[in-house]
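my_file.txt (compact mmCIF, C-alpha atoms and all ligand atoms)
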# COMPACT_ATOMS: atom_id res chain seq x y z
CA MET A 1 36.60 137.14 90.30
CA PHE A 2 40.37 136.97 90.12
CA GLY A 3 40.46 139.23 87.01
CA LYS A 4 39.39 142.20 89.12
CA LYS A 5 42.18 141.71 91.62
CA LYS A 6 45.10 144.06 91.09
CA VAL A 7 48.14 141.89 90.66
CA GLY A 8 51.41 143.49 89.65
CA GLY A 9 53.43 142.07 86.70
CA GLY A 10 50.74 141.31 84.05
CA CYS A 11 49.04 138.12 82.96
CA CYS A 12 51.78 135.62 83.96
CA SER A 13 51.77 136.94 87.53
CA ALA A 14 47.98 136.82 87.57
CA VAL A 15 48.05 133.14 86.58
CA ALA A 16 50.72 132.46 89.23
CA GLU A 17 48.56 134.25 91.83
CA VAL A 18 45.52 132.13 90.87
CA LYS A 19 47.66 128.98 91.18
CA ARG A 20 48.95 130.09 94.57
CA ILE A 21 45.44 130.76 95.90
CA LEU A 22 44.11 127.45 94.57
CA THR A 23 47.07 125.58 96.07
CA GLU A 24 46.58 127.26 99.44
CA GLU A 25 42.87 126.45 99.38
CA PHE A 26 43.65 122.85 98.48
CA ILE A 27 46.15 122.58 101.35
CA VAL A 28 43.57 123.99 103.78
CA MET A 29 40.95 121.52 102.51
CA ALA A 30 43.36 118.61 102.76
CA ASP A 31 44.37 119.58 106.31
CA THR A 32 40.74 119.94 107.42
CA SER A 33 39.93 116.49 106.10
CA LYS A 34 42.73 115.02 108.25
CA MET A 35 41.46 116.66 111.44
CA MET A 36 39.33 114.78 113.97
CA ALA A 37 35.77 116.11 113.70
CA VAL A 38 34.31 116.55 117.18
CA GLY A 39 30.61 116.69 118.01
CA ILE A 40 29.83 118.35 121.34
CA VAL A 41 26.61 117.34 123.08
CA GLY A 42 25.70 119.80 125.83
CA TYR A 43 26.62 123.47 126.13
CA GLY A 44 26.93 123.99 129.88
CA HIS A 45 30.21 124.69 131.68
CA LEU A 46 32.20 121.82 130.16
CA GLY A 47 30.61 122.10 126.70
CA GLN A 48 31.37 125.83 126.45
CA TYR A 49 34.91 125.25 127.64
CA LEU A 50 35.58 122.52 125.07
CA VAL A 51 33.91 124.40 122.18
CA GLU A 52 35.88 127.54 122.94
CA ARG A 53 39.15 125.62 123.24
CA ILE A 54 38.58 123.74 119.98
CA GLN A 55 37.86 127.05 118.25
CA ARG A 56 41.04 128.55 119.73
CA GLU A 57 43.50 125.66 119.63
CA GLY A 58 41.78 122.98 117.58
CA GLU A 59 43.74 123.49 114.38
CA ALA A 60 47.09 123.01 116.12
CA ALA A 61 45.73 119.99 117.99
CA GLY A 62 44.23 118.42 114.85
CA LEU A 63 40.64 118.93 115.98
CA ARG A 64 37.69 120.72 114.40
CA LEU A 65 34.07 121.06 115.39
CA ALA A 66 31.57 118.85 113.55
CA PHE A 67 28.54 120.12 115.48
CA VAL A 68 27.35 121.49 118.78
CA TRP A 69 24.04 120.41 120.27
CA ASN A 70 22.20 121.90 123.21
CA ARG A 71 18.58 121.33 124.13
CA ASN A 72 18.12 125.08 123.98
CA THR A 73 19.76 126.28 120.73
CA GLU A 74 19.43 129.94 121.79
CA ARG A 75 22.41 129.48 124.12
CA LEU A 76 24.70 128.78 121.15
CA LYS A 77 23.91 132.04 119.38
CA GLY A 78 26.77 134.49 119.23
CA SER A 79 29.42 131.97 120.33
CA VAL A 80 29.12 129.12 117.83
CA PRO A 81 28.89 129.56 114.02
CA GLU A 82 25.30 128.81 112.94
CA GLU A 83 26.37 126.13 110.45
CA LEU A 84 27.65 124.08 113.42
CA PHE A 85 24.33 124.14 115.31
CA LEU A 86 22.70 120.72 115.39
CA GLY A 87 18.94 121.20 115.78
CA GLN A 88 17.88 117.59 116.39
CA LEU A 89 20.32 115.33 118.22
CA SER A 90 18.91 112.33 116.34
CA GLN A 91 20.38 113.83 113.14
CA PHE A 92 23.98 113.71 114.39
CA THR A 93 25.01 111.16 111.72
CA GLU A 94 24.63 113.84 109.02
CA ARG A 95 27.60 115.77 110.45
CA GLY A 96 30.19 112.98 110.14
CA ALA A 97 31.75 113.37 113.59
CA ASP A 98 34.76 111.15 114.33
CA VAL A 99 34.26 111.51 118.06
CA ILE A 100 31.18 112.61 119.99
CA VAL A 101 31.62 114.14 123.44
CA GLU A 102 28.72 114.05 125.88
CA VAL A 103 28.92 116.83 128.48
CA CYS A 104 25.27 117.05 129.26
CA HIS A 105 23.38 114.58 131.42
CA PRO A 106 23.37 110.80 132.10
CA GLN A 107 19.94 110.58 130.41
CA ILE A 108 21.50 111.52 127.07
CA VAL A 109 24.06 108.72 127.51
CA LYS A 110 21.18 106.33 128.04
CA ASP A 111 19.13 107.60 125.09
CA PHE A 112 21.92 108.08 122.53
CA GLY A 113 25.14 106.38 123.73
CA ALA A 114 24.75 103.19 121.67
CA GLN A 115 23.66 105.18 118.59
CA PHE A 116 26.72 107.44 118.92
CA LEU A 117 28.97 104.37 119.02
CA SER A 118 27.43 103.08 115.80
CA SER A 119 29.11 105.87 113.85
CA ALA A 120 31.78 107.51 116.03
CA HIS A 121 34.02 107.13 119.04
CA PHE A 122 32.19 108.30 122.13
CA MET A 123 33.64 110.18 125.10
CA VAL A 124 31.15 109.89 127.93
CA GLY A 125 31.36 112.95 130.20
CA SER A 126 28.68 111.60 132.55
CA PRO A 127 30.02 108.09 133.26
CA SER A 128 27.73 107.79 136.30
CA ALA A 129 25.16 106.68 133.68
CA LEU A 130 27.08 103.38 133.47
CA SER A 131 26.04 102.48 137.01
CA ASP A 132 22.96 101.06 135.28
CA PRO A 133 24.22 97.50 134.57
CA LEU A 134 22.04 97.13 131.47
CA LEU A 135 23.30 100.34 129.91
CA ASN A 136 26.87 99.47 130.92
CA LYS A 137 26.58 96.15 129.05
CA GLN A 138 24.81 97.71 126.07
CA LEU A 139 27.52 100.37 125.58
CA ARG A 140 30.40 97.89 125.99
CA GLN A 141 28.73 95.61 123.42
CA ALA A 142 28.09 98.49 121.00
CA ALA A 143 31.78 99.50 121.22
CA VAL A 144 32.92 95.95 120.39
CA HIS A 145 30.29 95.46 117.69
CA HIS A 146 31.07 98.70 115.83
CA GLY A 147 34.80 98.72 116.51
CA ARG A 148 34.51 102.18 118.15
CA THR A 149 36.05 103.25 121.41
CA LEU A 150 34.01 104.20 124.45
CA TYR A 151 36.26 106.78 126.12
CA VAL A 152 35.91 107.51 129.83
CA PRO A 153 37.66 110.74 130.83
CA SER A 154 39.50 110.41 134.11
CA GLY A 155 38.20 113.83 135.25
CA ALA A 156 39.32 114.35 138.83
CA LEU A 157 40.49 110.74 139.22
CA TRP A 158 44.22 110.32 139.80
CA GLY A 159 45.84 107.05 138.72
CA GLY A 160 42.87 105.67 136.76
CA GLN A 161 45.05 103.82 134.26
CA ASP A 162 47.05 102.27 137.12
CA ILE A 163 43.80 101.03 138.65
CA GLN A 164 42.80 99.62 135.25
CA ARG A 165 46.17 97.83 134.92
CA LEU A 166 45.84 96.32 138.39
CA ASN A 167 42.31 95.27 137.48
CA ASP A 168 43.43 93.69 134.21
CA SER A 169 46.21 91.76 135.98
CA GLY A 170 43.59 90.23 138.29
CA THR A 171 45.17 91.54 141.50
CA LEU A 172 42.83 94.40 142.40
CA LYS A 173 41.20 93.51 145.74
CA ALA A 174 39.43 96.69 146.86
CA LEU A 175 38.93 100.31 145.87
CA SER A 176 37.38 103.19 147.77
CA ILE A 177 37.02 106.86 146.90
CA ARG A 178 36.08 109.69 149.20
CA MET A 179 35.04 113.08 147.81
CA SER A 180 34.90 115.97 150.22
CA LYS A 181 33.49 119.33 149.15
CA HIS A 182 31.92 122.45 150.53
CA PRO A 183 28.15 121.78 150.89
CA SER A 184 27.36 124.40 148.18
CA CYS A 185 29.24 122.19 145.67
CA PHE A 186 26.91 119.20 145.99
CA ARG A 187 23.87 118.60 143.77
CA LEU A 188 22.04 115.79 145.54
CA SER A 189 18.72 114.15 144.98
CA GLY A 190 16.54 113.51 148.05
CA ASP A 191 17.27 115.23 151.34
CA LEU A 192 20.85 114.10 152.05
CA LEU A 193 21.88 117.71 152.51
CA SER A 194 18.75 119.82 152.73
CA ASP A 195 19.97 121.75 155.79
CA TRP A 196 23.48 123.06 156.35
CA LYS A 197 25.02 126.08 158.01
CA GLU A 198 28.27 127.84 157.21
CA GLY A 199 30.87 126.82 159.81
CA GLU A 200 29.20 123.53 160.76
CA GLY A 201 32.32 121.56 159.72
CA ARG A 202 32.48 118.02 158.40
CA ARG A 203 29.58 115.66 157.79
CA VAL A 204 29.63 112.22 156.11
CA LEU A 205 26.62 112.25 153.77
CA PHE A 206 26.86 108.75 152.40
CA LYS A 207 29.15 105.73 152.45
CA GLY A 208 28.34 102.63 150.46
CA SER A 209 28.66 101.20 146.97
CA VAL A 210 29.18 103.56 144.04
CA ALA A 211 26.14 101.85 142.46
CA GLU A 212 23.93 103.12 145.30
CA LEU A 213 25.58 106.52 145.35
CA CYS A 214 25.24 107.34 141.62
CA PRO A 215 21.47 107.95 141.62
CA LEU A 216 21.76 110.00 144.84
CA ALA A 217 24.46 112.32 143.54
CA PRO A 218 24.56 111.95 139.71
CA ASN A 219 26.52 115.18 139.19
CA ASN A 220 29.06 114.57 141.94
CA VAL A 221 30.11 110.99 141.40
CA ASN A 222 31.58 110.98 137.89
CA THR A 223 35.07 110.54 139.32
CA MET A 224 33.92 107.51 141.30
CA ALA A 225 32.10 106.17 138.26
CA ALA A 226 35.29 106.46 136.18
CA ALA A 227 37.09 104.52 138.92
CA ALA A 228 34.38 101.83 138.96
CA ILE A 229 34.70 101.47 135.17
CA ALA A 230 38.50 101.12 135.49
CA ALA A 231 37.97 98.56 138.28
CA ASP A 232 35.72 96.44 136.11
CA SER A 233 36.29 93.27 138.17
CA LEU A 234 34.81 94.99 141.26
CA GLY A 235 32.19 96.96 139.31
CA PHE A 236 29.92 99.68 140.62
CA MET A 237 28.65 97.37 143.39
CA GLY A 238 32.15 96.45 144.57
CA VAL A 239 33.73 99.93 144.68
CA THR A 240 33.09 101.97 147.82
CA GLY A 241 32.14 105.63 147.50
CA GLU A 242 31.89 108.21 150.25
CA ILE A 243 30.77 111.82 150.02
CA VAL A 244 31.60 114.29 152.75
CA SER A 245 30.31 117.82 153.20
CA ASP A 246 32.89 120.11 154.80
CA THR A 247 32.35 123.85 155.24
CA ALA A 248 36.12 124.33 155.66
CA LEU A 249 36.63 123.42 151.98
CA SER A 250 35.79 126.81 150.50
CA GLN A 251 38.63 126.75 147.96
CA TYR A 252 39.02 123.19 146.76
CA HIS A 253 37.49 119.72 146.50
CA VAL A 254 39.41 116.79 147.96
CA VAL A 255 39.46 113.40 146.24
CA GLU A 256 41.01 110.51 148.18
CA VAL A 257 41.56 107.18 146.47
CA GLU A 258 42.59 104.03 148.29
CA VAL A 259 43.58 101.03 146.20
CA THR A 260 44.25 97.60 147.68
CA GLY A 261 46.05 94.89 145.72
CA ALA A 262 47.41 91.46 146.56
CA ASN A 263 50.01 90.61 149.26
CA GLY A 264 49.68 93.83 151.23
CA PHE A 265 50.00 96.16 148.20
CA SER A 266 48.19 99.48 148.65
CA VAL A 267 48.22 103.02 147.24
CA THR A 268 46.53 106.07 148.73
CA THR A 269 46.32 109.39 146.86
CA VAL A 270 44.91 112.72 147.98
CA ARG A 271 44.08 115.28 145.29
CA ARG A 272 43.17 118.87 146.02
CA ASN A 273 41.18 120.27 143.12
CA PRO A 274 40.82 124.07 143.27
CA ALA A 275 37.13 125.05 143.02
CA GLN A 276 35.05 128.10 143.77
CA LEU A 277 32.14 127.99 146.22
CA GLY A 278 29.13 126.38 144.54
CA ALA A 279 31.18 124.83 141.71
CA VAL A 280 30.31 121.19 141.03
CA THR A 281 33.39 120.86 138.81
CA GLY A 282 36.90 121.75 139.98
CA THR A 283 38.94 124.02 137.69
CA ALA A 284 41.66 121.40 137.03
CA THR A 285 38.96 119.07 135.71
CA TYR A 286 38.38 121.34 132.67
CA ASN A 287 42.00 120.97 131.60
CA SER A 288 41.79 117.27 132.32
CA PHE A 289 38.81 116.99 129.91
CA TRP A 290 40.80 118.71 127.17
CA SER A 291 43.74 116.33 127.69
CA SER A 292 41.30 113.42 127.56
CA LEU A 293 39.81 114.66 124.30
CA LEU A 294 43.26 114.79 122.71
CA VAL A 295 43.59 111.05 123.38
CA CYS A 296 40.34 110.14 121.55
CA LYS A 297 41.84 109.10 118.22
CA GLY A 298 40.49 105.55 118.17
CA HIS A 299 41.62 102.60 120.31
CA GLY A 300 39.47 99.89 118.79
CA GLY A 301 36.18 98.44 120.01
CA ARG A 302 36.62 98.71 123.76
CA VAL A 303 36.38 100.92 126.83
CA TYR A 304 39.41 103.17 127.27
CA LEU A 305 40.17 105.39 130.23
CA CYS A 306 41.67 108.62 128.95
N1 LIG A 401 33.60 112.97 134.29
C1 LIG A 401 33.83 113.96 135.15
O1 LIG A 401 34.79 113.97 135.88
C2 LIG A 401 32.88 115.11 135.18
C3 LIG A 401 33.25 116.32 135.74
C4 LIG A 401 32.33 117.36 135.70
C5 LIG A 401 31.08 117.17 135.16
N2 LIG A 401 30.74 115.98 134.65
C6 LIG A 401 29.41 115.74 134.07
O2 LIG A 401 29.38 116.30 132.77
C7 LIG A 401 28.07 116.80 132.51
C8 LIG A 401 28.18 118.28 132.14
O3 LIG A 401 28.78 119.00 133.21
P1 LIG A 401 28.72 120.60 133.27
O4 LIG A 401 29.52 121.02 134.43
O5 LIG A 401 29.01 121.15 131.91
O6 LIG A 401 27.16 120.80 133.60
P2 LIG A 401 26.22 122.04 133.30
O7 LIG A 401 25.07 121.93 134.22
O8 LIG A 401 26.99 123.31 133.29
O9 LIG A 401 25.72 121.79 131.79
C9 LIG A 401 24.86 120.74 131.42
C10 LIG A 401 24.15 121.10 130.13
O10 LIG A 401 23.28 120.04 129.77
C11 LIG A 401 21.93 120.49 129.71
N3 LIG A 401 21.06 119.43 130.26
C12 LIG A 401 20.89 119.09 131.55
N4 LIG A 401 20.05 118.05 131.66
C13 LIG A 401 19.69 117.73 130.40
C14 LIG A 401 18.84 116.73 129.84
N5 LIG A 401 18.19 115.85 130.62
N6 LIG A 401 18.70 116.69 128.51
C15 LIG A 401 19.36 117.56 127.72
N7 LIG A 401 20.16 118.54 128.17
C16 LIG A 401 20.33 118.60 129.50
C17 LIG A 401 21.87 121.76 130.51
O11 LIG A 401 20.87 122.62 130.03
C18 LIG A 401 23.28 122.34 130.25
O12 LIG A 401 23.30 123.04 129.01
C19 LIG A 401 27.24 116.54 133.77
O13 LIG A 401 26.51 115.34 133.63
C20 LIG A 401 28.29 116.38 134.84
O14 LIG A 401 27.83 115.54 135.87
C21 LIG A 401 31.62 114.96 134.64
Any chance you could put this one into structure tokens?
Ligand SMILES: NC(=O)c1ccc[n+]([C@@H]2O[C@H](COP(=O)([O-])OP(=O)(O)OC[C@H]3O[C@@H](n4cnc5c(N)ncnc54)[C@H](O)[C@@H]3O)[C@@H](O)[C@H]2O)c1
Amino acid sequence: MFGKKKVGGGCCSAVAEVKRILTEEFIVMADTSKMMAVGIVGYGHLGQYLVERIQREGEAAGLRLAFVWNRNTERLKGSVPEELFLGQLSQFTERGADVIVEVCHPQIVKDFGAQFLSSAHFMVGSPSALSDPLLNKQLRQAAVHHGRTLYVPSGALWGGQDIQRLNDSGTLKALSIRMSKHPSCFRLSGDLLSDWKEGEGRRVLFKGSVAELCPLAPNNVNTMAAAAIAADSLGFMGVTGEIVSDTALSQYHVVEVEVTGANGFSVTTVRRNPAQLGAVTGTATYNSFWSSLLVCKGHGGRVYLC
């Protein structure tokens, strides 16, 4: 193969050229082996964003794709190299992922979360799944048992690690989160918002525990779920969640977090997350997911907010 290549300077140069190519290939192989191999589960908005960004910036960030799974493989064609398609999710172990990222649906967390943790770190994009106390316990135990980290991306939550610190110091007394969005941005089960008219203004759709809210709005409460995981001492039952429909919010979602500690300590934050009409996920949340993924390098057998 190399003999046919035209290399100036005769046989010594040809040998040097072969050595150079082999060395370069070896360096590439060695670098690839040091990179974190990422398995992406789900190829919707977040999955496509992460896959594209890993393809574009992964090498510099020390990340490479191990596999991409979507329930409909057709959607991967043309954007993802075929050798990275994973046909059956149950065969994920064959691809040797270091970290598996779920950006799909809470059901997949339930069906595969513990299995993922048996061989890789697991970043759970749909943390609302952990409102199920049994699954919550099962995943925490799997993380400890296998020495793998269950990563919870902070998403649109501001100050998650501060909440976790307050929780760990035993001084977190109360936590409430209000999410206000244009009605087209909600995906609710039941008839919480079956009728709405442009210009109708503000309407409180639900206020209660995050545990009760998760099944009603599984796609809209991930931020609250991340907060409830950080505030482990209060749990999903003890953290208050409120969702508000507001037709005036045509350009952004608003996330308000109110934290109460001991001796009159309190923090209130208001985050405006730019979002188009109908978008469940604010644009800043995509970047936030990427930053979270960069953190997933292994933090031992525990839950880690990233
Ligand atoms: N943690 C956060 O802050 C945060 C922010 C945004 C979205 N999310 C969650 O991340 C997940 C992905 O979000 P997205 O915006 O990419 O959603 P999306 O709807 O664009 O994509 C979801 C993908 O999963 C597939 N899917 C849906 N239900 C499935 C099921 N039961 N089994 C297998 N595949 C299924 C869909 O076909 C689609 O390809 C959702 O669960 C969403 O609630 C979390």
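Taking atom CA of A:Gln55 and atom CA of A:Arg71 as endpoints, the distance between them is 21.0 Å.
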Problem - Using all atoms listed in the file: which of A:Pro183, A:Lys297, A:Trp69, A:Val270 has the shortest distance to A:Leu86 - result: A:Trp69
Practice task
Pick out the closest residue to ligand LIG 401 (chain A) from this set: A:Gln251, A:Gln164, A:Thr269, A:Asn222. Count only C-alpha atoms and all ligand atoms.
Solution key: A:Asn222
For ligand LIG 401 (chain A), what centre and edge lengths in Å (one decimal) does the axis-aligned box get once 6 Å is added on each side of all its listed atoms, as JSON?
{"center_x": 26.5, "center_y": 118.1, "center_z": 131.8, "size_x": 28.6, "size_y": 22.3, "size_z": 20.2}
Problem - Protein/DNA/RNA residues near (24.4, 123.2, 120.0), cut 9 Å, only C-alpha atoms, as a ChimeraX atom specification - result: /A:40-43,67-77,80,84-87
If you keep C-alpha atoms, can you produce a file of those selected residues as a compact mmCIF listing (two decimals), in the coordinates of the input?
# COMPACT_ATOMS: atom_id res chain seq x y z
CA ILE A 40 29.83 118.35 121.34
CA VAL A 41 26.61 117.34 123.08
CA GLY A 42 25.70 119.80 125.83
CA TYR A 43 26.62 123.47 126.13
CA PHE A 67 28.54 120.12 115.48
CA VAL A 68 27.35 121.49 118.78
CA TRP A 69 24.04 120.41 120.27
CA ASN A 70 22.20 121.90 123.21
CA ARG A 71 18.58 121.33 124.13
CA ASN A 72 18.12 125.08 123.98
CA THR A 73 19.76 126.28 120.73
CA GLU A 74 19.43 129.94 121.79
CA ARG A 75 22.41 129.48 124.12
CA LEU A 76 24.70 128.78 121.15
CA LYS A 77 23.91 132.04 119.38
CA VAL A 80 29.12 129.12 117.83
CA LEU A 84 27.65 124.08 113.42
CA PHE A 85 24.33 124.14 115.31
CA LEU A 86 22.70 120.72 115.39
CA GLY A 87 18.94 121.20 115.78
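Proximity ranking of A:Leu249, A:Ala262, A:Met36, A:Val303 relative to A:Glu200 places A:Leu249 first, based on all atoms listed in the file.
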Problem - Exercise: A:Ser169 partners within 12 Å, only C-alpha atoms, chain neighbours under 5 positions left out, as a PyMOL selection string - result: chain A and resi 162-164+231-233+261-262
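Among the candidates A:His105, A:Arg140, A:Lys110, A:Lys207, the one nearest to ligand LIG 401 (chain A) when counting only C-alpha atoms and all ligand atoms is A:His105.
Closest to A:Thr171 among A:Leu277, A:Arg187, A:Gly264, A:Ala66 is A:Gly264, based on all atoms listed in the file.
Interatomic distance, atom CA of A:Ser266 to atom CA of A:Gly159: 12.7 Å.
You will find atom C5 of ligand LIG 401 (chain A) at 11.1 Å from atom CA of A:Ser288.
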Problem - Which of A:Thr32, A:Ser184, A:Ser126, A:Gln141 sits closest to ligand LIG 401 (chain A) [using only C-alpha atoms and all ligand atoms] - result: A:Ser126
Handout entry: Nearby residues (all atoms listed in the file) at most 9 Å from A:Arg53, same-chain spacing under 5 positions excluded, as a ChimeraX atom specification
Key = /A:48,58,290
Please produce an output containing C-alpha atoms for each residue in the selection, written as a short mmCIF file (atom, residue, chain, number, x, y, z; two decimals), in the frame of the given file.
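Produced file part_1.cif, reproduced below:
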data_model
loop_
_atom_site.label_atom_id
_atom_site.label_comp_id
_atom_site.auth_asym_id
_atom_site.auth_seq_id
_atom_site.Cartn_x
_atom_site.Cartn_y
_atom_site.Cartn_z
CA GLN A 48 31.37 125.83 126.45
CA GLY A 58 41.78 122.98 117.58
CA TRP A 290 40.80 118.71 127.17
#
